[in-house]
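Student: Structure file protein-v6.tsv (TSV, C-alpha atoms and all ligand atoms) is given on the next line.
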```tsv
chain	number	residue	atom	x	y	z
A	1	MET	CA	-16.99	4.77	1.63
A	2	ASN	CA	-15.05	5.78	-1.50
A	3	GLY	CA	-12.04	7.24	0.27
A	4	ASP	CA	-8.51	6.82	-0.98
A	5	MET	CA	-7.87	3.75	1.15
A	6	SER	CA	-11.33	2.18	0.90
A	7	LEU	CA	-11.64	-1.55	0.35
A	8	PHE	CA	-14.94	-0.78	-1.37
A	9	SER	CA	-13.59	1.15	-4.36
A	10	PRO	CA	-11.43	-1.42	-6.18
A	11	ALA	CA	-9.55	-0.56	-9.37
A	12	GLY	CA	-8.20	-3.91	-10.53
A	13	PRO	CA	-9.10	-7.61	-10.71
A	14	ALA	CA	-7.50	-8.62	-7.38
A	15	GLY	CA	-8.95	-5.63	-5.55
A	16	ARG	CA	-12.37	-6.33	-7.05
A	17	THR	CA	-12.31	-9.96	-5.93
A	18	LEU	CA	-11.48	-8.89	-2.38
A	19	THR	CA	-14.26	-6.29	-2.44
A	20	GLN	CA	-16.76	-8.97	-3.50
A	21	LEU	CA	-15.51	-11.28	-0.76
A	22	GLY	CA	-15.76	-8.39	1.72
A	23	TRP	CA	-19.35	-7.66	0.71
A	24	TRP	CA	-20.28	-11.35	0.97
A	25	LEU	CA	-18.76	-11.68	4.47
A	26	LEU	CA	-20.36	-8.43	5.61
A	27	SER	CA	-23.84	-9.25	4.27
A	28	VAL	CA	-23.92	-12.82	5.50
A	29	SER	CA	-22.66	-11.75	8.96
A	30	VAL	CA	-25.27	-9.00	9.22
A	31	LEU	CA	-27.98	-11.39	8.06
A	32	VAL	CA	-27.00	-14.06	10.60
A	33	VAL	CA	-26.92	-11.52	13.43
A	34	LEU	CA	-30.35	-10.16	12.43
A	35	VAL	CA	-31.94	-13.62	12.15
A	36	VAL	CA	-30.48	-14.86	15.45
A	37	ALA	CA	-31.44	-11.63	17.26
A	38	GLY	CA	-34.95	-11.92	15.77
A	39	LEU	CA	-35.31	-15.52	16.94
A	40	VAL	CA	-34.09	-14.64	20.43
A	41	ALA	CA	-36.63	-11.80	20.63
A	42	TRP	CA	-39.36	-14.14	19.35
A	43	ALA	CA	-38.41	-16.79	21.94
A	44	ILE	CA	-38.58	-14.25	24.77
A	45	VAL	CA	-42.04	-13.13	23.70
A	46	ARG	CA	-43.28	-16.71	23.20
A	47	ARG	CA	-42.03	-17.83	26.59
A	48	ARG	CA	-43.95	-15.01	28.22
A	49	ASP	CA	-47.12	-16.13	26.42
A	50	GLY	CA	-46.94	-19.76	27.41
A	51	LEU	CA	-44.87	-20.20	30.56
A	52	HIS	CA	-46.25	-23.72	31.07
A	53	ALA	CA	-44.32	-25.01	28.02
A	54	ALA	CA	-40.99	-24.40	29.81
A	55	ASP	CA	-41.83	-27.05	32.40
A	56	GLU	CA	-41.85	-29.83	29.85
A	57	ILE	CA	-38.20	-30.83	29.69
A	58	GLY	CA	-37.45	-33.86	27.55
A	59	SER	CA	-36.20	-34.88	24.10
A	60	PRO	CA	-37.31	-32.50	21.33
A	61	ALA	CA	-40.39	-33.29	19.31
A	62	PRO	CA	-39.80	-34.22	15.62
A	63	ARG	CA	-40.89	-30.73	14.55
A	64	GLU	CA	-38.35	-29.08	16.89
A	65	LEU	CA	-35.67	-31.50	15.77
A	66	ARG	CA	-36.21	-30.40	12.15
A	67	TRP	CA	-35.62	-26.78	13.19
A	68	ILE	CA	-32.39	-27.75	14.92
A	69	GLN	CA	-31.20	-29.71	11.87
A	70	LEU	CA	-32.05	-26.86	9.54
A	71	GLY	CA	-30.96	-23.82	11.59
A	72	GLY	CA	-28.11	-25.42	13.49
A	73	VAL	CA	-26.56	-27.68	10.84
A	74	ALA	CA	-27.79	-27.25	7.26
A	75	ILE	CA	-27.84	-23.43	6.98
A	76	PRO	CA	-24.45	-22.88	8.73
A	77	ALA	CA	-22.94	-25.66	6.56
A	78	VAL	CA	-24.17	-23.98	3.37
A	79	ILE	CA	-22.85	-20.56	4.50
A	80	LEU	CA	-19.46	-21.98	5.49
A	81	VAL	CA	-19.06	-24.01	2.28
A	82	VAL	CA	-19.96	-21.02	0.09
A	83	THR	CA	-17.55	-18.82	2.12
A	84	LEU	CA	-14.78	-21.42	1.77
A	85	ALA	CA	-15.30	-21.65	-2.00
A	86	PHE	CA	-15.36	-17.84	-2.29
A	87	THR	CA	-12.19	-17.55	-0.18
A	88	LEU	CA	-10.30	-20.21	-2.19
A	89	GLY	CA	-11.32	-18.42	-5.39
A	90	ALA	CA	-10.05	-15.12	-3.96
A	91	VAL	CA	-6.75	-16.73	-2.90
A	92	HIS	CA	-6.32	-17.96	-6.48
A	93	VAL	CA	-7.09	-14.56	-8.07
A	94	THR	CA	-5.02	-12.48	-5.62
A	95	GLY	CA	-2.06	-14.88	-5.59
A	96	ALA	CA	-1.05	-14.67	-9.24
A	97	PRO	CA	-2.19	-12.73	-12.33
A	98	ALA	CA	-4.15	-14.46	-15.08
A	99	ARG	CA	-1.37	-13.65	-17.58
A	100	ARG	CA	2.34	-12.92	-17.51
A	101	ALA	CA	3.38	-9.79	-15.63
A	102	ALA	CA	4.69	-6.95	-17.80
A	103	PHE	CA	7.70	-6.45	-15.50
A	104	THR	CA	8.89	-6.81	-11.92
A	105	VAL	CA	9.45	-4.15	-9.30
A	106	GLU	CA	11.53	-4.94	-6.22
A	107	VAL	CA	9.97	-3.28	-3.19
A	108	THR	CA	12.13	-2.87	-0.10
A	109	GLY	CA	10.62	-1.61	3.13
A	110	HIS	CA	12.68	0.77	5.24
A	111	ARG	CA	11.90	2.74	8.38
A	112	TRP	CA	9.92	4.64	7.09
A	113	TRP	CA	9.78	4.66	3.32
A	114	TRP	CA	9.57	2.35	0.32
A	115	GLU	CA	12.45	1.71	-2.09
A	116	LEU	CA	11.26	0.75	-5.57
A	117	ARG	CA	13.60	-0.83	-8.13
A	118	TYR	CA	12.30	-1.53	-11.62
A	119	VAL	CA	13.76	-4.71	-13.09
A	120	GLN	CA	14.15	-4.36	-16.86
A	121	ALA	CA	13.65	-7.22	-19.31
A	122	ASP	CA	17.45	-7.78	-19.40
A	123	GLY	CA	17.58	-8.05	-15.60
A	124	THR	CA	19.21	-4.65	-14.98
A	125	ARG	CA	17.78	-2.06	-12.60
A	126	ARG	CA	18.16	1.35	-14.14
A	127	VAL	CA	15.22	2.97	-12.42
A	128	VAL	CA	15.31	3.31	-8.65
A	129	THR	CA	12.75	5.50	-6.98
A	130	ALA	CA	10.89	5.82	-3.69
A	131	ASN	CA	7.32	5.66	-2.40
A	132	GLU	CA	5.61	6.37	-5.73
A	133	LEU	CA	5.13	3.34	-7.97
A	134	HIS	CA	4.24	4.19	-11.56
A	135	VAL	CA	2.58	1.44	-13.58
A	136	PRO	CA	0.89	1.20	-16.97
A	137	VAL	CA	-2.89	0.75	-16.91
A	138	GLY	CA	-4.16	-2.75	-17.68
A	139	GLU	CA	-0.85	-4.57	-17.16
A	140	PRO	CA	-0.19	-6.99	-14.33
A	141	ILE	CA	2.97	-5.99	-12.43
A	142	ARG	CA	4.90	-8.46	-10.31
A	143	LEU	CA	6.14	-7.18	-6.95
A	144	GLU	CA	9.02	-8.83	-5.09
A	145	LEU	CA	8.96	-7.61	-1.52
A	146	THR	CA	11.63	-7.66	1.16
A	147	SER	CA	12.74	-5.49	4.05
A	148	GLY	CA	15.94	-3.69	4.92
A	149	ASP	CA	15.18	-3.64	8.65
A	150	VAL	CA	12.00	-4.79	10.42
A	151	ILE	CA	8.77	-6.38	9.15
A	152	HIS	CA	6.56	-4.09	7.09
A	153	SER	CA	3.45	-4.87	5.07
A	154	TYR	CA	2.46	-3.49	1.68
A	155	TRP	CA	-1.21	-2.71	1.13
A	156	VAL	CA	-2.87	-0.77	-1.66
A	157	PRO	CA	-6.53	-1.68	-0.99
A	158	ALA	CA	-7.81	-0.75	-4.46
A	159	LEU	CA	-5.36	-3.12	-6.14
A	160	ASN	CA	-4.73	-6.19	-3.96
A	161	GLY	CA	-4.53	-7.57	-0.45
A	162	LYS	CA	-1.72	-7.14	2.05
A	163	MET	CA	1.71	-8.71	1.66
A	164	ASP	CA	4.40	-8.70	4.34
A	165	LEU	CA	7.98	-7.54	3.75
A	166	ASN	CA	10.29	-9.68	5.85
A	167	PRO	CA	14.04	-9.13	6.20
A	168	GLY	CA	16.05	-11.94	4.61
A	169	THR	CA	13.24	-13.36	2.47
A	170	THR	CA	11.32	-12.29	-0.60
A	171	ASN	CA	7.53	-12.44	-0.85
A	172	VAL	CA	5.80	-12.09	-4.19
A	173	THR	CA	2.52	-10.45	-5.05
A	174	TRP	CA	1.09	-8.56	-7.99
A	175	ILE	CA	-1.04	-5.55	-8.77
A	176	MET	CA	-2.96	-4.37	-11.78
A	177	ALA	CA	-4.98	-1.18	-12.22
A	178	ASP	CA	-7.59	-1.22	-14.96
A	179	ARG	CA	-8.17	2.52	-14.92
A	180	ALA	CA	-5.81	5.46	-14.63
A	181	GLY	CA	-5.53	7.07	-11.23
A	182	THR	CA	-3.48	7.44	-8.07
A	183	TYR	CA	-4.10	4.75	-5.48
A	184	ARG	CA	-2.90	5.24	-1.94
A	185	GLY	CA	-1.31	2.45	0.03
A	186	GLN	CA	-0.06	2.12	3.55
A	187	CYS	CA	2.29	0.02	5.64
A	188	THR	CA	0.02	-2.26	7.66
A	189	GLU	CA	2.49	-3.99	9.96
A	190	TYR	CA	3.55	-1.96	12.98
A	191	CYS	CA	7.18	-1.05	12.35
A	192	GLY	CA	7.98	1.65	14.90
A	193	ARG	CA	7.20	5.27	15.65
A	194	GLN	CA	6.47	6.39	12.11
A	195	HIS	CA	4.53	3.32	10.98
A	196	ALA	CA	1.49	5.55	10.33
A	197	ASN	CA	3.59	7.85	8.13
A	198	MET	CA	4.74	5.09	5.80
A	199	ALA	CA	2.41	5.66	2.89
A	200	THR	CA	2.90	4.70	-0.73
A	201	PHE	CA	1.16	5.58	-3.97
A	202	VAL	CA	0.53	3.65	-7.15
A	203	VAL	CA	0.20	5.98	-10.13
A	204	ALA	CA	-1.48	4.12	-12.99
A	205	GLU	CA	-1.07	5.81	-16.37
A	206	PRO	CA	-1.85	5.00	-19.99
A	207	ALA	CA	0.98	3.06	-21.67
A	208	GLU	CA	2.49	6.08	-23.52
A	209	ARG	CA	2.52	8.28	-20.42
A	210	PHE	CA	4.12	5.45	-18.45
A	211	ALA	CA	6.77	4.93	-21.14
A	212	GLU	CA	7.62	8.65	-20.99
A	213	TRP	CA	7.86	8.49	-17.22
A	214	LEU	CA	10.13	5.43	-17.37
A	215	ALA	CA	12.40	7.04	-19.96
A	216	SER	CA	12.72	10.23	-17.89
A	217	GLN	CA	13.50	8.20	-14.76
A	218	GLU	CA	16.17	6.19	-16.59
A	219	ALA	CA	18.07	9.34	-17.45
A	220	PRO	CA	20.79	10.55	-15.09
A	221	ALA	CA	20.24	13.82	-13.22
A	222	ALA	CA	20.16	16.88	-15.44
A	223	GLU	CA	23.03	19.35	-15.25
A	224	PRO	CA	21.80	22.30	-13.14
A	225	ALA	CA	21.21	25.35	-15.32
A	226	SER	CA	21.12	28.18	-12.77
A	227	ALA	CA	23.94	29.44	-10.54
A	228	ASP	CA	21.68	28.80	-7.51
A	229	ALA	CA	21.20	25.16	-8.43
A	230	ARG	CA	24.91	24.67	-9.16
A	231	GLU	CA	25.71	26.05	-5.74
A	232	GLY	CA	23.04	23.78	-4.30
A	233	ARG	CA	24.69	20.75	-5.87
A	234	ALA	CA	27.98	21.72	-4.22
A	235	VAL	CA	26.15	22.04	-0.88
A	236	PHE	CA	24.58	18.60	-1.46
A	237	MET	CA	28.02	17.05	-1.97
A	238	ARG	CA	29.77	18.70	0.97
A	239	ALA	CA	26.99	18.86	3.60
A	240	GLY	CA	26.68	15.09	3.94
A	241	CYS	CA	23.55	14.49	1.78
A	242	ALA	CA	25.64	12.48	-0.68
A	243	GLY	CA	26.65	10.05	2.04
A	244	CYS	CA	23.09	8.71	2.29
A	245	HIS	CA	21.46	9.55	-1.05
A	246	THR	CA	22.19	8.71	-4.66
A	247	VAL	CA	21.87	11.22	-7.48
A	248	ARG	CA	22.81	9.29	-10.62
A	249	GLY	CA	25.26	11.15	-12.79
A	250	THR	CA	26.96	12.78	-9.77
A	251	PRO	CA	29.44	11.54	-7.15
A	252	ALA	CA	26.51	11.00	-4.73
A	253	VAL	CA	26.07	7.24	-4.38
A	254	GLY	CA	24.71	6.81	-0.81
A	255	ARG	CA	22.28	3.93	-0.33
A	256	VAL	CA	20.85	4.69	3.12
A	257	GLY	CA	18.05	7.03	2.08
A	258	PRO	CA	15.86	7.34	-1.01
A	259	ASP	CA	17.44	7.77	-4.46
A	260	LEU	CA	16.99	11.46	-5.27
A	261	THR	CA	17.92	11.41	-8.98
A	262	HIS	CA	14.36	12.44	-9.88
A	263	VAL	CA	13.03	13.53	-6.51
A	264	ALA	CA	11.32	16.59	-8.00
A	265	SER	CA	9.08	14.32	-10.09
A	266	ARG	CA	7.51	12.85	-6.96
A	267	ARG	CA	4.32	14.26	-5.43
A	268	THR	CA	5.22	13.83	-1.80
A	269	ILE	CA	8.29	13.63	0.40
A	270	ALA	CA	8.87	11.57	3.55
A	271	ALA	CA	6.63	8.70	2.31
A	272	GLY	CA	3.43	10.65	1.85
A	273	LEU	CA	3.85	12.82	4.95
A	274	LEU	CA	4.42	16.15	3.15
A	275	PRO	CA	3.62	17.64	-0.26
A	276	ASN	CA	6.73	17.98	-2.41
A	277	THR	CA	6.95	21.78	-2.52
A	278	PRO	CA	10.02	24.01	-1.97
A	279	GLY	CA	8.69	25.14	1.43
A	280	TYR	CA	8.10	21.67	2.83
A	281	LEU	CA	11.34	20.45	1.27
A	282	ALA	CA	13.28	23.24	3.01
A	283	GLY	CA	11.60	22.38	6.30
A	284	TRP	CA	12.36	18.69	5.82
A	285	VAL	CA	16.02	19.30	4.97
A	286	SER	CA	16.43	21.70	7.90
A	287	ASN	CA	14.91	19.52	10.58
A	288	ALA	CA	13.48	16.21	9.41
A	289	PRO	CA	13.30	14.70	12.94
A	290	ALA	CA	11.00	17.54	14.03
A	291	LEU	CA	8.55	16.61	11.26
A	292	LYS	CA	8.94	12.84	11.48
A	293	PRO	CA	10.34	11.95	14.90
A	294	GLY	CA	12.58	8.90	14.73
A	295	THR	CA	13.59	9.31	11.10
A	296	PRO	CA	17.27	8.47	10.51
A	297	MET	CA	17.55	11.66	8.42
A	298	PRO	CA	19.39	14.14	10.67
A	299	ALA	CA	18.70	17.85	11.03
A	300	SER	CA	21.06	19.91	8.89
A	301	MET	CA	23.03	22.89	10.06
A	302	LEU	CA	22.80	24.78	6.79
A	303	ARG	CA	22.92	28.54	6.58
A	304	PRO	CA	19.83	30.12	4.93
A	305	ARG	CA	21.81	30.84	1.75
A	306	GLU	CA	22.94	27.19	1.51
A	307	LEU	CA	19.45	25.86	2.25
A	308	HIS	CA	17.96	28.06	-0.45
A	309	ALA	CA	20.53	26.83	-2.98
A	310	LEU	CA	20.06	23.19	-1.97
A	311	VAL	CA	16.28	23.36	-2.36
A	312	ALA	CA	16.76	25.05	-5.75
A	313	TYR	CA	19.04	22.16	-6.78
A	314	LEU	CA	16.61	19.47	-5.58
A	315	GLY	CA	13.88	21.23	-7.55
A	316	THR	CA	15.86	20.68	-10.77
A	317	LEU	CA	15.91	16.89	-10.24
A	318	LYS	CA	12.79	16.27	-12.31
B	401	LIG	CU1	6.46	-0.05	7.86
B	401	LIG	CU2	4.68	-0.15	9.39
```
Kindly return the structure encoded in the file as C-alpha cells.
Ligand code: CUA
Tutor:
Amino acid sequence: MNGDMSLFSPAGPAGRTLTQLGWWLLSVSVLVVLVVAGLVAWAIVRRRDGLHAADEIGSPAPRELRWIQLGGVAIPAVILVVTLAFTLGAVHVTGAPARRAAFTVEVTGHRWWWELRYVQADGTRRVVTANELHVPVGEPIRLELTSGDVIHSYWVPALNGKMDLNPGTTNVTWIMADRAGTYRGQCTEYCGRQHANMATFVVAEPAERFAEWLASQEAPAAEPASADAREGRAVFMRAGCAGCHTVRGTPAVGRVGPDLTHVASRRTIAAGLLPNTPGYLAGWVSNAPALKPGTPMPASMLRPRELHALVAYLGTLK
C-alpha cells in the first residue's frame, strides 16, 4: 500500500488529512456492509426456524419499532453527521495552508507535460522548468493552475487532493511536504492519448539544498566547454529545436515545448515516461512520436554525428 502514488502514505498536512478521511470512509463502509450482511444472514436463519412468524403481518411491535429507529435512523444519522464534519474539516485543511505560502508556482498543463514557473517575491519569473517541482521541506507552496489546451488535473496523492487545470481560468491549491523525498503525481483528467504518460514529481529538499537548486536554475545556460557540445548547440539552433524550446542565454526562445535551460538537471524526460539518460534522450530526439504517440514533438532527421553532438549539448544543460 506504500507505493509512490498511494493515498495511504501521506507526506504533508493536506495529504494526511485526506488519508485520515479515506481510512474513516473505508472503515465505516466496511463495518456497515459487515453488519448489514450479518443481519441479513441472521434473518434468513431465523425465518427458517420460525416460519409461522412470517404470517403475522401488521404494524411492528414496540420492540421492533425501537430496532427500526436505532438501526434505520439514529445510527445512519450519526455516521452521516460525523462524515460531514470530517469532510468539512478536510475541505478547510486542503483548501488553504495554515500559514502564508513561501512562494507561488504557476502550473500550466499541456498535452502532455507540466510547465512550472516560479514566481519570485518581486513578481518576476526567472525560473521556468518542466514536470519536476522542487520545493523546500516544511514550507507551504501556493500553486496557481491553468491549462494551455484541454482540461488536465494535478494530483500528488502524498501532498494534497486533485485540482483541475482549466483553459482560461486559474485554480489555486497548495502543497507542503514535511519530509524530504520525491513524490510522484499524475494527471487525473483524461486529456487524450498520452494522458497516462503525464506524470509529475515533487522533489522536497531541505532549505539549503532547495536554495542551491533555485540559484542554479536561475542561471542562464552554461557555455558549452567541449567541441562536441558546441557543435550540438549549433545543431539545436539550425535543426528546428529552437523554434519550440527555450534555452536561456541563447537565441532559442520557443515557447511550445518545455524550457530546456537546465534539462540535464531533471530526472526524467517526456513527463516521467523515460529516464533522463543520453540513450533515452537520443531516442526521444530521433523519434519522439514512436515513444509517445501523439506528442507534438516531431521526429528529427538528424545524421548520427549531429544527434551525438546534440545529446552531448543537452547533457551540458545542468
Ligand atoms: Cu493531462 Cu490527463
Student: Just the number, please: distance in Å from atom CA of Leu25 of chain A to atom CA of His152 of chain A, one decimal.
Tutor: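 Atom-to-atom, atom CA of Leu25 of chain A and atom CA of His152 of chain A are spaced 26.6 Å apart.
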Student: Please report, as JSON lines, each residue of chain A lying at most 6 Å from ligand LIG 401 (chain B), together with the nearest pair of atoms and the separation in Å rounded to one decimal; use all atoms listed in the file, and order rows by chain and ascending residue number.
Tutor:
```
{"residue": "A:Trp112", "atom": "CA", "partner": "B:LIG401", "partner_atom": "CU1", "distance": 5.9}
{"residue": "A:His152", "atom": "CA", "partner": "B:LIG401", "partner_atom": "CU1", "distance": 4.1}
{"residue": "A:Cys187", "atom": "CA", "partner": "B:LIG401", "partner_atom": "CU2", "distance": 4.5}
{"residue": "A:Thr188", "atom": "CA", "partner": "B:LIG401", "partner_atom": "CU2", "distance": 5.4}
{"residue": "A:Glu189", "atom": "CA", "partner": "B:LIG401", "partner_atom": "CU2", "distance": 4.5}
{"residue": "A:Tyr190", "atom": "CA", "partner": "B:LIG401", "partner_atom": "CU2", "distance": 4.2}
{"residue": "A:Cys191", "atom": "CA", "partner": "B:LIG401", "partner_atom": "CU2", "distance": 4.0}
{"residue": "A:His195", "atom": "CA", "partner": "B:LIG401", "partner_atom": "CU2", "distance": 3.8}
{"residue": "A:Met198", "atom": "CA", "partner": "B:LIG401", "partner_atom": "CU1", "distance": 5.8}
```
Student: Export C-alpha atoms of the chosen residues as a compact mmCIF listing (two decimals), in the coordinates of the input?
Tutor:
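For reference, part.txt as written:
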```txt
# COMPACT_ATOMS: atom_id res chain seq x y z
CA TRP A 112 9.92 4.64 7.09
CA HIS A 152 6.56 -4.09 7.09
CA CYS A 187 2.29 0.02 5.64
CA THR A 188 0.02 -2.26 7.66
CA GLU A 189 2.49 -3.99 9.96
CA TYR A 190 3.55 -1.96 12.98
CA CYS A 191 7.18 -1.05 12.35
CA HIS A 195 4.53 3.32 10.98
CA MET A 198 4.74 5.09 5.80
```
Student: Residues within 7 Å of segment 248-253 of chain A, please, as a PyMOL selection string. Count all atoms listed in the file; anything in the same chain fewer than 6 positions from it doesn't count.
Tutor: chain A and resi 220-221+237+242+261
Student: Give as a ChimeraX atom specification each residue that has an atom at most 6 Å from (7.4, 5.9, -11.1) in the file, counting all atoms listed in the file.
Tutor: /A:132-134
Student: Could the residues in this selection be written to a file with C-alpha atoms, as a short mmCIF file (atom, residue, chain, number, x, y, z; two decimals), in the coordinates of the input?
Tutor:
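The result, stored in again_2.cif:
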```cif
data_model
loop_
_atom_site.label_atom_id
_atom_site.label_comp_id
_atom_site.auth_asym_id
_atom_site.auth_seq_id
_atom_site.Cartn_x
_atom_site.Cartn_y
_atom_site.Cartn_z
CA GLU A 132 5.61 6.37 -5.73
CA LEU A 133 5.13 3.34 -7.97
CA HIS A 134 4.24 4.19 -11.56
#
```
Student: Can you list, as a count of residues only, every protein, DNA or RNA residue that comes within 8 Å of Asp259 of chain A when you count only C-alpha atoms, leaving out same-chain residues fewer than 5 positions away?
Tutor: 6
